[in-house]
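The file final.cif contains mmCIF, C-alpha atoms:
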data_model
loop_
_atom_site.label_atom_id
_atom_site.label_comp_id
_atom_site.auth_asym_id
_atom_site.auth_seq_id
_atom_site.Cartn_x
_atom_site.Cartn_y
_atom_site.Cartn_z
CA MET A 1 -8.67 44.68 28.14
CA SER A 2 -7.58 42.11 30.71
CA VAL A 3 -7.55 38.33 30.49
CA GLU A 4 -9.87 36.49 32.81
CA PRO A 5 -7.88 34.03 34.96
CA ASN A 6 -10.00 31.02 34.05
CA ALA A 7 -10.63 31.92 30.41
CA PRO A 8 -9.59 29.13 28.01
CA ALA A 9 -6.56 30.10 25.94
CA ARG A 10 -7.16 30.29 22.21
CA THR A 11 -4.49 28.58 20.18
CA ARG A 12 -4.30 30.48 16.89
CA LEU A 13 -3.71 34.14 16.35
CA THR A 14 -5.71 35.82 13.60
CA PHE A 15 -4.18 38.09 10.98
CA GLY A 16 -5.93 41.04 12.64
CA GLU A 17 -4.28 40.20 15.95
CA ARG A 18 -0.90 39.93 14.26
CA ARG A 19 -1.38 43.40 12.81
CA ARG A 20 -2.16 44.72 16.28
CA ILE A 21 0.99 43.04 17.63
CA ALA A 22 3.05 44.73 14.90
CA ALA A 23 1.41 48.07 15.70
CA GLY A 24 2.07 47.61 19.41
CA LEU A 25 5.75 46.85 18.79
CA ALA A 26 6.04 49.94 16.60
CA MET A 27 4.58 52.00 19.46
CA GLY A 28 7.14 50.55 21.88
CA LEU A 29 4.57 48.74 24.01
CA SER A 30 5.70 45.89 26.25
CA TYR A 31 4.71 42.30 25.54
CA ALA A 32 2.52 42.34 28.61
CA GLU A 33 0.67 45.45 27.43
CA ILE A 34 0.17 44.03 23.93
CA GLY A 35 -1.16 40.84 25.47
CA ARG A 36 -3.60 42.78 27.66
CA ARG A 37 -4.92 44.69 24.67
CA LEU A 38 -5.39 41.46 22.70
CA GLY A 39 -6.81 39.48 25.59
CA ARG A 40 -3.93 37.05 25.22
CA PRO A 41 -1.32 35.79 27.69
CA LYS A 42 2.02 37.59 27.61
CA SER A 43 3.71 34.26 26.76
CA THR A 44 1.65 33.95 23.57
CA VAL A 45 2.87 37.32 22.32
CA ILE A 46 6.47 36.51 23.24
CA ARG A 47 6.41 33.21 21.33
CA GLU A 48 4.71 34.79 18.32
CA VAL A 49 7.28 37.57 18.04
CA ALA A 50 10.27 35.34 18.76
CA ARG A 51 9.44 32.82 16.03
CA ASN A 52 8.68 35.49 13.42
CA GLY A 53 11.65 37.83 13.25
CA GLY A 54 11.87 39.27 16.77
CA ALA A 55 10.80 42.67 18.04
CA HIS A 56 12.62 44.57 15.29
CA GLY A 57 11.83 42.25 12.39
CA TYR A 58 8.25 41.24 13.09
CA ARG A 59 5.82 41.77 10.18
CA ALA A 60 2.19 40.70 10.40
CA ASP A 61 1.88 39.47 6.80
CA ARG A 62 5.11 37.46 6.96
CA ALA A 63 4.11 35.95 10.30
CA GLN A 64 0.76 34.90 8.83
CA GLN A 65 2.44 33.27 5.84
CA ALA A 66 5.01 31.50 8.02
CA THR A 67 2.27 30.08 10.24
CA ALA A 68 0.39 28.74 7.21
CA TRP A 69 3.60 27.19 5.88
CA ARG A 70 4.37 25.50 9.20
CA ALA A 71 0.84 24.08 9.36
CA HIS A 72 1.22 22.71 5.82
CA ARG A 73 4.56 21.11 6.73
CA ARG A 74 3.07 19.15 9.63
CA ARG A 75 2.78 15.50 8.66
CA PRO A 76 0.09 13.14 9.90
CA VAL A 77 1.26 10.71 12.56
CA PRO A 78 0.80 7.17 11.26
CA ALA A 79 -1.62 4.99 13.21
CA PRO A 80 -0.09 2.17 15.25
CA GLU A 81 0.17 -1.01 13.24
CA PRO A 82 -0.94 -4.40 14.56
CA PRO A 83 1.81 -6.83 15.53
CA ALA A 84 3.04 -9.26 12.89
CA ALA A 85 1.17 -12.55 12.70
CA GLY A 86 4.34 -14.45 13.53
CA GLY A 87 5.29 -12.28 16.51
CA GLY A 88 8.23 -9.91 16.84
CA ASP A 89 8.58 -6.24 16.00
CA PRO A 90 7.76 -5.44 12.33
CA ARG A 91 9.37 -1.98 12.48
CA ARG A 92 12.60 -3.41 13.87
CA PHE A 93 12.67 -6.00 11.11
CA GLU A 94 12.12 -3.31 8.47
CA GLN A 95 15.07 -1.35 9.84
CA ASP A 96 17.28 -4.45 9.78
CA PHE A 97 16.10 -5.40 6.29
CA ALA A 98 16.80 -1.89 4.96
CA ALA A 99 20.24 -1.92 6.62
CA VAL A 100 21.11 -5.14 4.75
CA MET A 101 20.05 -3.51 1.47
CA VAL A 102 22.18 -0.44 2.20
CA GLN A 103 25.20 -2.68 2.89
CA THR A 104 24.74 -4.25 -0.54
CA GLY A 105 24.65 -0.91 -2.37
CA VAL A 106 21.02 0.28 -2.27
CA PRO A 107 20.72 3.98 -1.27
CA PRO A 108 19.11 4.39 2.19
CA MET A 109 15.85 6.07 1.16
CA MET A 110 15.33 3.66 -1.73
CA ALA A 111 15.88 0.75 0.67
CA LYS A 112 13.31 2.11 3.14
CA VAL A 113 10.64 2.52 0.46
CA LEU A 114 11.33 -0.90 -1.05
CA VAL A 115 11.17 -2.60 2.35
CA ARG A 116 7.94 -0.82 3.28
CA LEU A 117 6.32 -1.92 0.01
CA PHE A 118 7.67 -5.45 0.37
CA THR A 119 6.42 -5.96 3.93
CA CYS A 120 2.91 -4.47 3.65
CA ASP A 121 0.15 -7.03 3.03
CA THR A 122 -1.09 -5.46 -0.22
CA GLY A 123 2.35 -4.89 -1.73
CA SER A 124 1.23 -1.39 -2.69
CA LEU A 125 1.00 2.00 -0.99
CA THR A 126 0.11 5.54 -2.00
CA ALA A 127 2.59 8.40 -1.82
CA ALA A 128 0.71 9.78 1.20
CA GLU A 129 0.92 6.43 3.01
CA LEU A 130 4.65 6.14 2.36
CA THR A 131 5.22 9.75 3.41
CA ALA A 132 3.33 9.30 6.67
CA GLY A 133 4.69 5.85 7.43
CA LEU A 134 8.33 6.75 6.83
CA ARG A 135 7.98 10.35 8.06
CA VAL A 136 9.79 11.77 5.05
CA SER A 137 8.93 14.38 2.43
CA PRO A 138 6.84 13.58 -0.68
CA ALA A 139 9.86 14.57 -2.80
CA SER A 140 12.00 11.92 -1.10
CA VAL A 141 9.37 9.26 -1.77
CA SER A 142 9.01 10.31 -5.42
CA LYS A 143 12.78 10.20 -5.96
CA ALA A 144 13.05 6.77 -4.32
CA VAL A 145 10.19 5.31 -6.39
CA ARG A 146 11.70 6.70 -9.59
CA TRP A 147 14.98 4.94 -8.72
CA LEU A 148 13.12 1.67 -8.06
CA GLU A 149 11.14 2.01 -11.30
CA GLU A 150 14.32 2.43 -13.34
CA ARG A 151 15.50 -0.94 -11.99
CA GLY A 152 12.20 -2.72 -12.47
CA LEU A 153 11.62 -3.12 -8.73
CA ALA A 154 8.39 -1.10 -8.47
CA ARG A 155 5.79 0.49 -10.72
CA ARG A 156 3.08 3.15 -10.52
CA GLU A 157 -0.64 2.54 -10.92
CA ARG A 158 -3.56 4.97 -10.99
CA ASP A 159 -5.96 4.69 -8.05
CA GLY A 160 -8.61 7.28 -8.81
CA ARG A 161 -6.84 10.62 -8.52
CA ARG A 162 -3.98 9.12 -6.57
CA GLN A 163 -0.92 7.23 -7.67
CA ARG A 164 -0.27 3.91 -6.02
CA TYR A 165 3.21 2.42 -5.91
CA VAL A 166 3.29 -1.34 -6.39
CA ILE A 167 6.06 -3.86 -5.84
CA ASP A 168 6.28 -6.71 -8.33
CA GLU A 169 5.82 -10.16 -6.81
CA HIS A 170 8.93 -11.22 -8.73
CA VAL A 171 10.95 -8.27 -7.43
CA TRP A 172 14.12 -10.26 -6.79
CA TYR A 173 13.96 -11.81 -10.25
CA GLN A 174 13.76 -8.29 -11.67
CA ALA A 175 16.73 -7.25 -9.56
CA TRP A 176 18.64 -10.27 -10.84
CA LEU A 177 17.94 -9.26 -14.46
CA VAL A 178 19.32 -5.80 -13.73
CA SER A 179 22.49 -7.45 -12.43
CA VAL A 180 22.73 -9.55 -15.59
CA ARG A 181 22.52 -6.42 -17.71
CA SER A 182 25.21 -4.80 -15.57
CA MET A 183 27.51 -7.78 -16.11
CA THR A 184 26.92 -7.48 -19.86
CA LEU A 185 27.93 -3.83 -19.80
CA TRP A 186 31.08 -4.60 -17.81
CA ALA A 187 32.05 -7.42 -20.16
CA ASP A 188 31.52 -5.28 -23.29
CA CYS A 189 33.44 -2.35 -21.85
CA ALA A 190 36.38 -4.53 -20.77
CA ARG A 191 36.58 -6.14 -24.25
CA GLN A 192 36.63 -2.71 -25.88
CA GLY A 193 39.41 -1.65 -23.54
CA ALA A 194 41.43 -4.77 -24.40
CA GLN A 195 41.27 -3.80 -28.08
CA VAL A 196 42.35 -0.25 -27.30
CA PHE A 197 45.39 -1.28 -25.23
CA GLY A 198 46.32 -4.28 -27.37
CA ASP A 199 49.22 -6.55 -26.34
CA SER A 200 50.12 -4.61 -23.21
CA PRO A 201 49.81 -5.45 -19.52
CA ALA A 202 46.72 -3.21 -19.36
CA GLY A 203 45.24 -4.96 -22.42
CA ALA A 204 45.82 -8.39 -20.90
CA ARG A 205 44.24 -7.27 -17.64
CA LEU A 206 41.17 -5.96 -19.47
CA ARG A 207 40.83 -9.19 -21.50
CA ASP A 208 40.86 -11.23 -18.29
CA THR A 209 38.28 -8.86 -16.80
CA GLY A 210 36.06 -9.22 -19.88
CA ARG A 211 36.25 -13.02 -19.70
CA PHE A 212 35.36 -12.95 -16.00
CA PHE A 213 32.29 -10.75 -16.45
CA GLU A 214 31.17 -12.70 -19.51
CA HIS A 215 31.41 -15.96 -17.57
CA LEU A 216 29.49 -14.39 -14.66
CA ARG A 217 26.86 -12.95 -17.01
CA ARG A 218 26.29 -16.33 -18.66
CA ASP A 219 25.87 -18.12 -15.31
CA MET A 220 23.50 -15.43 -14.02
CA ALA A 221 21.43 -15.50 -17.23
CA GLN A 222 21.06 -19.29 -16.99
CA ALA A 223 20.01 -19.04 -13.35
CA ALA A 224 17.47 -16.32 -14.20
CA GLU A 225 15.99 -18.49 -16.94
CA HIS A 226 15.72 -21.39 -14.52
CA TRP A 227 13.85 -19.31 -11.92
CA ARG A 228 11.61 -17.73 -14.56
CA ASN A 229 10.30 -21.16 -15.54
CA LEU A 230 9.42 -22.07 -11.96
CA PRO A 231 5.94 -21.37 -10.53
CA TYR A 232 5.98 -18.54 -8.00
CA ASP A 233 5.53 -20.89 -5.02
CA GLY A 234 8.51 -22.86 -6.32
CA TYR A 235 10.83 -20.10 -5.07
CA ALA A 236 10.66 -21.68 -1.66
CA THR A 237 11.61 -25.16 -2.88
#
Produce structure tokens that represent the structure in this file.
Amino acid sequence: MSVEPNAPARTRLTFGERRRIAAGLAMGLSYAEIGRRLGRPKSTVIREVARNGGAHGYRADRAQQATAWRAHRRRPVPAPEPPAAGGGDPRRFEQDFAAVMVQTGVPPMMAKVLVRLFTCDTGSLTAAELTAGLRVSPASVSKAVRWLEERGLARRERDGRRQRYVIDEHVWYQAWLVSVRSMTLWADCARQGAQVFGDSPAGARLRDTGRFFEHLRRDMAQAAEHWRNLPYDGYAT
């Protein structure tokens, strides 16, 4: 069977066609001959065999499964977003914002998810929206959200059958509280170490460290209490 010169090329091979390709390879037929028998261009057969094990490793069932897997792995391309109301490039700002977070100790993927939630108008996105917008895997998004949840920076809400990830409007206050708790842990640990090492240079060093973190914890706790008592729009004052 020959291919008509002006016939439109079909894009997907069927499982039956893949079985005929495997049979043709087993018979020692050339790619051109297999293509003629299928009514497909020679180049289609070459690409199919090359991406699925080669002439000696091609198997129809495995090729079919691999094609289905590749189709499942394709991610939707996010639609272009309108420009920010104040001008400028929103995506460039998100990259810069995430870079600042990374410099201050936030893991890269967690920073990207937090910034995307923080800069969207609703303050909430589904896993699919984050996956498409950031062009990452669902597992990466889930891991990042779990990290943010543990620090009180984001939470999950049910939206029908979907989960929606929401950023708290007081996200920086929550982050500050996490820092206060960290200072408390450092202070307690340093005091315990001072007791263990007693009147030694190491003990003195740990006592000074405990006093420093306790002083820092107290100042941070007072500042957090001050901001908590302000109305939300007072953050800008």
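In terms of minimum interatomic distance to Ala194 in chain A, A:Arg211 ranks closest within A:Arg217, A:Arg158, A:Arg211, A:Arg181, counting all atoms listed in the file.
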>> Need to verify the contact set: range 106-121 of chain A, 10 Å, all atoms listed in the file, exclusion of same-chain residues closer than 6 positions in sequence. Can you return it as an NGL selection string?
In response: :A and (90-91 or 93-100 or 130-131 or 133-134 or 136 or 140-148 or 153-154 or 165-169 or 171)
Write a file of the selected residues as a PDB file, in the coordinates of the input, keeping C-alpha atoms.
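File part00.pdb, as written:
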ATOM      1  CA  PRO A  90       7.760  -5.440  12.330  1.00  0.00           C
ATOM      2  CA  ARG A  91       9.370  -1.980  12.480  1.00  0.00           C
ATOM      3  CA  PHE A  93      12.670  -6.000  11.110  1.00  0.00           C
ATOM      4  CA  GLU A  94      12.120  -3.310   8.470  1.00  0.00           C
ATOM      5  CA  GLN A  95      15.070  -1.350   9.840  1.00  0.00           C
ATOM      6  CA  ASP A  96      17.280  -4.450   9.780  1.00  0.00           C
ATOM      7  CA  PHE A  97      16.100  -5.400   6.290  1.00  0.00           C
ATOM      8  CA  ALA A  98      16.800  -1.890   4.960  1.00  0.00           C
ATOM      9  CA  ALA A  99      20.240  -1.920   6.620  1.00  0.00           C
ATOM     10  CA  VAL A 100      21.110  -5.140   4.750  1.00  0.00           C
ATOM     11  CA  LEU A 130       4.650   6.140   2.360  1.00  0.00           C
ATOM     12  CA  THR A 131       5.220   9.750   3.410  1.00  0.00           C
ATOM     13  CA  GLY A 133       4.690   5.850   7.430  1.00  0.00           C
ATOM     14  CA  LEU A 134       8.330   6.750   6.830  1.00  0.00           C
ATOM     15  CA  VAL A 136       9.790  11.770   5.050  1.00  0.00           C
ATOM     16  CA  SER A 140      12.000  11.920  -1.100  1.00  0.00           C
ATOM     17  CA  VAL A 141       9.370   9.260  -1.770  1.00  0.00           C
ATOM     18  CA  SER A 142       9.010  10.310  -5.420  1.00  0.00           C
ATOM     19  CA  LYS A 143      12.780  10.200  -5.960  1.00  0.00           C
ATOM     20  CA  ALA A 144      13.050   6.770  -4.320  1.00  0.00           C
ATOM     21  CA  VAL A 145      10.190   5.310  -6.390  1.00  0.00           C
ATOM     22  CA  ARG A 146      11.700   6.700  -9.590  1.00  0.00           C
ATOM     23  CA  TRP A 147      14.980   4.940  -8.720  1.00  0.00           C
ATOM     24  CA  LEU A 148      13.120   1.670  -8.060  1.00  0.00           C
ATOM     25  CA  LEU A 153      11.620  -3.120  -8.730  1.00  0.00           C
ATOM     26  CA  ALA A 154       8.390  -1.100  -8.470  1.00  0.00           C
ATOM     27  CA  TYR A 165       3.210   2.420  -5.910  1.00  0.00           C
ATOM     28  CA  VAL A 166       3.290  -1.340  -6.390  1.00  0.00           C
ATOM     29  CA  ILE A 167       6.060  -3.860  -5.840  1.00  0.00           C
ATOM     30  CA  ASP A 168       6.280  -6.710  -8.330  1.00  0.00           C
ATOM     31  CA  GLU A 169       5.820 -10.160  -6.810  1.00  0.00           C
ATOM     32  CA  VAL A 171      10.950  -8.270  -7.430  1.00  0.00           C
TER      33      VAL A 171
END
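Of the residues listed (A:Ala50, A:Ala22, A:Ala204, A:Ile34), A:Ala204 shows the shortest atom-to-atom separation from Arg191 in chain A; distances use only C-alpha atoms.
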>> Running the PyMOL selection byres ((chain A and resi 15) around 8) on this model by hand, what would come out? Give it as a PyMOL selection string.
In response: chain A and resi 13-14+16-19+60-61+64
> Taking into account all atoms listed in the file, which residue in the set A:Ala139, A:Ala55, A:Val102, A:Ala68 is nearest to Tyr31 in chain A?
Replying inline: A:Ala55
>> Between CA of Pro201 in chain A and CA of Trp186 in chain A, what is the distance in Å, rounded to a tenth?
In response: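 Distance between the two atoms: 18.8 Å.
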>> With distances taken over all atoms listed in the file, which residue among A:Arg205, A:Gly54, A:Ala190, A:Arg161 lies nearest Leu25 in chain A?
In response: A:Gly54
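Atom to atom, CA of Leu29 in chain A and CA of Lys42 in chain A stand 12.0 Å apart.
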>> Please report the interatomic distance between CA of Gly123 in chain A and CA of Gln163 in chain A in Å with one decimal.
In response: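 Going from CA of Gly123 in chain A over to CA of Gln163 in chain A, I get 13.9 Å.
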>> Taking the file as I've supplied it (selection: the PyMOL selection byres ((chain A and resi 46) around 12)), which residues are included? Please answer as a count of residues only.
In response: 24
>> From the options A:Ala187, A:Arg36, A:Gln65, A:Glu150, which residue's atoms come nearest to Arg218 in chain A, counting only C-alpha atoms?
In response: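 For Arg218 in chain A, the nearest of the given residues is A:Ala187.
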> So which residues touch Arg162 in chain A within 10 Å, counting only C-alpha atoms, skipping near sequence neighbours fewer than 5 positions away, as a PyMOL selection string?
Replying inline: chain A and resi 126-128+157
Residues of the last selection are to be written out with C-alpha atoms, as a compact mmCIF listing (two decimals), in the frame of the given file.
# COMPACT_ATOMS: atom_id res chain seq x y z
CA THR A 126 0.11 5.54 -2.00
CA ALA A 127 2.59 8.40 -1.82
CA ALA A 128 0.71 9.78 1.20
CA GLU A 157 -0.64 2.54 -10.92
